$ cat start37.txt   # compact mmCIF, C-alpha atoms
# COMPACT_ATOMS: atom_id res chain seq x y z
CA MET A 1 102.63 97.78 114.48
CA ASP A 2 102.70 101.54 114.79
CA LYS A 3 102.98 103.13 118.27
CA ARG A 4 99.55 104.68 117.82
CA GLU A 5 98.00 101.28 117.08
CA ALA A 6 99.65 99.76 120.15
CA ILE A 7 98.35 102.56 122.38
CA GLY A 8 94.94 102.40 120.74
CA SER A 9 94.68 98.66 121.38
CA TRP A 10 95.57 99.20 125.02
CA LEU A 11 92.94 101.93 125.42
CA SER A 12 90.18 99.95 123.73
CA GLY A 13 90.90 96.76 125.68
CA PRO A 14 92.00 93.23 124.96
CA ARG A 15 88.78 92.23 123.21
CA ALA A 16 89.15 94.99 120.58
CA ALA A 17 92.80 94.08 120.06
CA ALA A 18 91.90 90.40 119.60
CA GLU A 19 89.09 91.27 117.19
CA GLN A 20 91.49 93.43 115.22
CA ALA A 21 93.86 90.45 115.04
CA GLY A 22 91.08 88.37 113.47
CA VAL A 23 89.50 86.54 116.43
CA ASP A 24 85.73 86.10 116.05
CA PHE A 25 83.93 86.21 119.41
CA GLY A 26 80.46 86.21 117.93
CA TYR A 27 77.71 88.24 119.56
CA ARG A 28 76.69 88.29 123.21
CA GLY A 29 74.48 85.31 123.95
CA GLN A 30 75.48 83.27 120.91
CA GLN A 31 77.01 80.54 123.08
CA LEU A 32 73.75 80.37 125.03
CA GLY A 33 71.62 80.03 121.91
CA LEU A 34 69.99 83.45 122.29
CA PRO A 35 69.18 85.84 119.43
CA GLU A 36 71.47 88.76 118.71
CA GLU A 37 68.75 91.45 118.76
CA GLY A 38 65.20 91.89 119.94
CA PRO A 39 63.15 89.91 122.47
CA GLY A 40 65.10 87.11 124.13
CA SER A 41 68.50 88.72 123.49
CA ILE A 42 70.98 89.47 126.27
CA ALA A 43 70.07 92.57 128.28
CA ARG A 44 72.47 95.46 127.86
CA PRO A 45 74.34 96.82 130.89
CA GLY A 46 72.62 100.22 130.77
CA ARG A 47 69.17 98.71 131.11
CA ARG A 48 70.35 96.38 133.85
CA LEU A 49 71.84 99.24 135.86
CA GLY A 50 68.70 101.33 135.35
CA ALA A 51 66.50 98.50 136.61
CA LEU A 52 68.80 98.01 139.60
CA ALA A 53 68.64 101.73 140.41
CA VAL A 54 64.82 101.70 140.30
CA ASP A 55 64.64 98.62 142.52
CA TRP A 56 67.15 100.05 144.99
CA ALA A 57 65.36 103.42 145.15
CA MET A 58 62.09 101.63 145.76
CA SER A 59 63.69 99.57 148.54
CA VAL A 60 65.15 102.68 150.19
CA LEU A 61 61.80 104.43 149.97
CA ILE A 62 59.99 101.49 151.57
CA ALA A 63 62.63 101.13 154.29
CA SER A 64 62.79 104.83 155.11
CA GLN A 65 59.05 105.46 155.15
CA LEU A 66 57.59 102.22 156.49
CA ILE A 67 60.30 100.69 158.68
CA THR A 68 62.59 103.39 160.12
CA GLN A 69 60.15 106.33 159.70
CA SER A 70 63.07 108.53 158.52
CA TYR A 71 66.39 108.21 156.77
CA THR A 72 68.88 107.03 159.40
CA ALA A 73 72.02 104.92 159.38
CA ALA A 74 69.93 101.76 159.77
CA THR A 75 67.83 102.56 156.71
CA SER A 76 70.39 101.19 154.25
CA ASN A 77 70.51 97.86 156.09
CA TRP A 78 66.73 97.62 156.05
CA ALA A 79 66.73 98.66 152.38
CA LEU A 80 69.08 95.78 151.57
CA LEU A 81 66.72 93.38 153.33
CA VAL A 82 63.70 94.81 151.48
CA PHE A 83 65.63 94.56 148.19
CA PHE A 84 66.54 90.93 148.92
CA VAL A 85 62.99 89.91 149.82
CA MET A 86 61.51 91.75 146.84
CA SER A 87 64.05 90.16 144.49
CA VAL A 88 63.54 86.64 145.83
CA LEU A 89 59.76 86.86 145.67
CA THR A 90 59.47 88.47 142.25
CA VAL A 91 62.40 86.94 140.32
CA GLY A 92 61.74 83.49 141.76
CA THR A 93 58.09 83.53 140.73
CA ILE A 94 57.40 85.81 137.76
CA GLY A 95 60.96 86.40 136.55
CA PHE A 96 61.31 90.16 137.04
CA THR A 97 61.36 92.89 139.66
CA PRO A 98 59.41 96.14 139.20
CA GLY A 99 62.57 97.84 137.89
CA LYS A 100 63.29 95.04 135.42
CA ARG A 101 59.70 95.17 134.18
CA LEU A 102 59.93 98.93 133.75
CA PHE A 103 63.07 98.52 131.63
CA GLY A 104 61.72 95.54 129.67
CA LEU A 105 63.93 92.85 131.19
CA ARG A 106 63.32 89.35 132.47
CA VAL A 107 65.42 86.73 134.25
CA VAL A 108 65.12 83.27 132.70
CA ASP A 109 66.52 79.87 133.60
CA LEU A 110 68.76 78.52 130.86
CA ALA A 111 67.19 75.05 131.03
CA THR A 112 63.49 75.71 131.56
CA GLY A 113 63.00 79.36 130.59
CA ARG A 114 61.52 80.32 133.97
CA PRO A 115 63.56 80.66 137.16
CA SER A 116 62.56 78.55 140.14
CA PRO A 117 62.24 80.04 143.64
CA LEU A 118 65.49 78.30 144.64
CA ARG A 119 67.37 79.87 141.71
CA GLY A 120 65.79 83.23 142.55
CA LEU A 121 66.99 82.87 146.14
CA LEU A 122 70.55 81.99 145.09
CA ARG A 123 70.70 84.77 142.48
CA SER A 124 69.33 87.37 144.91
CA ALA A 125 71.68 86.36 147.72
CA LEU A 126 74.69 86.63 145.42
CA LEU A 127 73.44 89.93 144.00
CA CYS A 128 73.18 91.38 147.52
CA LEU A 129 76.85 90.49 148.08
CA ALA A 130 77.60 92.84 145.11
CA VAL A 131 80.99 91.32 144.21
CA PRO A 132 79.58 88.44 142.10
CA ALA A 133 77.53 90.96 140.12
CA LEU A 134 80.68 92.90 139.25
CA ILE A 135 82.44 89.91 137.66
CA TRP A 136 81.12 89.43 134.11
CA ASP A 137 81.78 86.93 131.36
CA ARG A 138 81.85 87.58 127.63
CA ASP A 139 78.06 87.23 127.42
CA SER A 140 77.62 90.08 129.98
CA ARG A 141 76.37 87.63 132.59
CA GLY A 142 77.43 88.32 136.14
CA LEU A 143 78.84 85.61 138.34
CA HIS A 144 75.53 85.59 140.23
CA ASP A 145 73.74 84.66 136.99
CA ARG A 146 76.30 82.01 136.07
CA LEU A 147 76.09 80.30 139.46
CA ALA A 148 72.28 80.39 139.45
CA ARG A 149 72.25 79.25 135.79
CA THR A 150 70.10 82.18 134.75
CA VAL A 151 70.39 84.98 132.20
CA GLU A 152 68.78 88.41 132.01
CA VAL A 153 67.12 88.97 128.65
CA ARG A 154 65.01 91.61 126.95
CA ILE A 155 61.24 91.09 126.87
$ encode --input "start37.txt" --output "structure tokens"
Amino acid sequence: MDKREAIGSWLSGPRAAAEQAGVDFGYRGQQLGLPEEGPGSIARPGRRLGALAVDWAMSVLIASQLITQSYTAATSNWALLVFFVMSVLTVGTIGFTPGKRLFGLRVVDLATGRPSPLRGLLRSALLCLAVPALIWDRDSRGLHDRLARTVEVRI
């Protein structure tokens, strides 16, 4: 192996190096039985982050205008509570938050196809902790999705 190849494999990550060595990982969602492209496929990280940003901005707006009447130090705590309640109510019933709907995403239960309120509660609680959402598997599912047995897919 040339020095440039060794450095290139380090920069591109272990997955790229393994793929170059001949390992076939398949596509994201293949292990879950989801299609590779189109509706029902795994949501891409950019869309997920965009939906999260919209939901968080909406929560901050509600907290700052309706609860604290201005933007103070307590507003972010209230915004987290608003985000949690909104996420539990919407994901646990219809499968998406306003931000997810705007970006064409939906949360589904792996077994039934529709998340239950209990799974929505667990997923939302873990999402509000932030750390589980930062740990991803090879299918781009966060730890909060794995523990709740849900997956975020495109509509």
$ closest_atom_pairs --input "start37.txt" --of "region 84-146 of chain A" --to "region 36-53 of chain A" --cutoff "8 Å" --atoms "only C-alpha atoms" --output "Markdown table"
| residue | atom | partner | partner_atom | distance |
| --- | --- | --- | --- | --- |
| A:Pro98 | CA | A:Ala51 | CA | 7.9 |
| A:Gly99 | CA | A:Ala51 | CA | 4.2 |
| A:Lys100 | CA | A:Ala51 | CA | 4.9 |
| A:Arg101 | CA | A:Ala51 | CA | 8.0 |
| A:Leu102 | CA | A:Ala51 | CA | 7.2 |
| A:Phe103 | CA | A:Ala51 | CA | 6.0 |
| A:Leu105 | CA | A:Ala43 | CA | 6.8 |
| A:Asp139 | CA | A:Ile42 | CA | 7.5 |
| A:Ser140 | CA | A:Pro45 | CA | 7.6 |
$ residues_around --input "start37.txt" --residues "Ala130 (chain A)" --least-positions-apart "5" --cutoff "12 Å" --atoms "only C-alpha atoms" --output "ChimeraX atom specification"
/A:52,80,84,123-125,135,142-144
$ write_last_selection --input "start37.txt" --atoms "C-alpha atoms" --output "short mmCIF file (atom, residue, chain, number, x, y, z; two decimals), keeping the file's coordinate frame"
data_model
loop_
_atom_site.label_atom_id
_atom_site.label_comp_id
_atom_site.auth_asym_id
_atom_site.auth_seq_id
_atom_site.Cartn_x
_atom_site.Cartn_y
_atom_site.Cartn_z
CA LEU A 52 68.80 98.01 139.60
CA LEU A 80 69.08 95.78 151.57
CA PHE A 84 66.54 90.93 148.92
CA ARG A 123 70.70 84.77 142.48
CA SER A 124 69.33 87.37 144.91
CA ALA A 125 71.68 86.36 147.72
CA ILE A 135 82.44 89.91 137.66
CA GLY A 142 77.43 88.32 136.14
CA LEU A 143 78.84 85.61 138.34
CA HIS A 144 75.53 85.59 140.23
#
$ closest_residue --input "start37.txt" --among "A:Cys128, A:Pro35, A:Thr72, A:Asp109" --to "Asp145 (chain A)" --atoms "all atoms listed in the file"
A:Asp109
$ closest_residue --input "start37.txt" --among "A:Leu110, A:Asp24, A:Gln31, A:Ile155" --to "Phe96 (chain A)" --atoms "only C-alpha atoms"
A:Ile155
$ atom_distance --input "start37.txt" --atom1 "CA of Ser87 (chain A)" --atom2 "CA of Gly29 (chain A)"
23.5 Å
$ closest_residue --input "start37.txt" --among "A:Met58, A:Ile94, A:Ala79, A:Ala63" --to "Ser116 (chain A)" --atoms "all atoms listed in the file"
A:Ile94
$ atom_distance --input "start37.txt" --atom1 "CA of Ala21 (chain A)" --atom2 "CA of Leu134 (chain A)"
27.7 Å
$ closest_residue --input "start37.txt" --among "A:Ala74, A:Val153, A:Leu32, A:Val91" --to "Leu118 (chain A)" --atoms "all atoms listed in the file"
A:Val91
$ atom_distance --input "start37.txt" --atom1 "CA of Ala148 (chain A)" --atom2 "CA of Val54 (chain A)"
22.6 Å
$ residues_around --input "start37.txt" --residues "Ala73 (chain A)" --least-positions-apart "4" --cutoff "12 Å" --atoms "all atoms listed in the file" --output "PDB file with C-alpha atoms, keeping the file's coordinate frame"
ATOM      1  CA  VAL A  60      65.150 102.680 150.190  1.00  0.00           C
ATOM      2  CA  ALA A  63      62.630 101.130 154.290  1.00  0.00           C
ATOM      3  CA  SER A  64      62.790 104.830 155.110  1.00  0.00           C
ATOM      4  CA  THR A  68      62.590 103.390 160.120  1.00  0.00           C
ATOM      5  CA  GLN A  69      60.150 106.330 159.700  1.00  0.00           C
ATOM      6  CA  ASN A  77      70.510  97.860 156.090  1.00  0.00           C
ATOM      7  CA  TRP A  78      66.730  97.620 156.050  1.00  0.00           C
ATOM      8  CA  ALA A  79      66.730  98.660 152.380  1.00  0.00           C
TER       9      ALA A  79
END
$ decode --input "start37.txt" --residues "region 54-74 of chain A" --atoms "N, CA and C atoms" --output "mmCIF file, in the first residue's frame"
data_model
loop_
_atom_site.group_PDB
_atom_site.id
_atom_site.type_symbol
_atom_site.label_atom_id
_atom_site.label_comp_id
_atom_site.auth_asym_id
_atom_site.auth_seq_id
_atom_site.Cartn_x
_atom_site.Cartn_y
_atom_site.Cartn_z
ATOM 1 N N VAL A 54 -35.981 23.104 12.599
ATOM 2 C CA VAL A 54 -37.306 23.729 12.502
ATOM 3 C C VAL A 54 -38.095 23.498 13.783
ATOM 4 N N ASP A 55 -38.077 22.268 14.289
ATOM 5 C CA ASP A 55 -38.814 21.963 15.517
ATOM 6 C C ASP A 55 -38.256 22.732 16.713
ATOM 7 N N TRP A 56 -36.920 22.832 16.784
ATOM 8 C CA TRP A 56 -36.321 23.562 17.895
ATOM 9 C C TRP A 56 -36.634 25.062 17.800
ATOM 10 N N ALA A 57 -36.548 25.625 16.619
ATOM 11 C CA ALA A 57 -36.863 27.046 16.441
ATOM 12 C C ALA A 57 -38.316 27.326 16.806
ATOM 13 N N MET A 58 -39.193 26.433 16.438
ATOM 14 C CA MET A 58 -40.594 26.580 16.782
ATOM 15 C C MET A 58 -40.791 26.509 18.302
ATOM 16 N N SER A 59 -40.077 25.608 18.952
ATOM 17 C CA SER A 59 -40.173 25.473 20.405
ATOM 18 C C SER A 59 -39.643 26.715 21.113
ATOM 19 N N VAL A 60 -38.535 27.266 20.622
ATOM 20 C CA VAL A 60 -37.975 28.481 21.210
ATOM 21 C C VAL A 60 -38.930 29.651 21.005
ATOM 22 N N LEU A 61 -39.528 29.737 19.841
ATOM 23 C CA LEU A 61 -40.479 30.807 19.568
ATOM 24 C C LEU A 61 -41.696 30.718 20.489
ATOM 25 N N ILE A 62 -42.227 29.525 20.666
ATOM 26 C CA ILE A 62 -43.375 29.340 21.558
ATOM 27 C C ILE A 62 -42.985 29.673 22.999
ATOM 28 N N ALA A 63 -41.827 29.186 23.433
ATOM 29 C CA ALA A 63 -41.392 29.426 24.812
ATOM 30 C C ALA A 63 -41.110 30.905 25.060
ATOM 31 N N SER A 64 -40.477 31.561 24.114
ATOM 32 C CA SER A 64 -40.102 32.968 24.338
ATOM 33 C C SER A 64 -41.285 33.915 24.226
ATOM 34 N N GLN A 65 -42.259 33.595 23.401
ATOM 35 C CA GLN A 65 -43.381 34.510 23.210
ATOM 36 C C GLN A 65 -44.578 34.210 24.106
ATOM 37 N N LEU A 66 -44.824 32.944 24.393
ATOM 38 C CA LEU A 66 -46.018 32.594 25.163
ATOM 39 C C LEU A 66 -45.744 32.300 26.635
ATOM 40 N N ILE A 67 -44.554 31.832 26.968
ATOM 41 C CA ILE A 67 -44.299 31.426 28.351
ATOM 42 C C ILE A 67 -43.484 32.470 29.100
ATOM 43 N N THR A 68 -42.304 32.839 28.587
ATOM 44 C CA THR A 68 -41.436 33.775 29.316
ATOM 45 C C THR A 68 -41.618 35.227 28.888
ATOM 46 N N GLN A 69 -42.364 35.473 27.841
ATOM 47 C CA GLN A 69 -42.659 36.817 27.316
ATOM 48 C C GLN A 69 -41.450 37.547 26.741
ATOM 49 N N SER A 70 -40.252 36.956 26.838
ATOM 50 C CA SER A 70 -39.039 37.509 26.234
ATOM 51 C C SER A 70 -38.001 36.398 26.220
ATOM 52 N N TYR A 71 -36.860 36.680 25.626
ATOM 53 C CA TYR A 71 -35.825 35.656 25.595
ATOM 54 C C TYR A 71 -34.905 35.847 26.801
ATOM 55 N N THR A 72 -35.067 34.978 27.798
ATOM 56 C CA THR A 72 -34.256 35.025 29.010
ATOM 57 C C THR A 72 -33.499 33.706 29.161
ATOM 58 N N ALA A 73 -32.786 33.578 30.256
ATOM 59 C CA ALA A 73 -32.037 32.344 30.509
ATOM 60 C C ALA A 73 -32.976 31.149 30.677
ATOM 61 N N ALA A 74 -34.152 31.373 31.189
ATOM 62 C CA ALA A 74 -35.105 30.283 31.406
ATOM 63 C C ALA A 74 -35.790 29.842 30.117
#
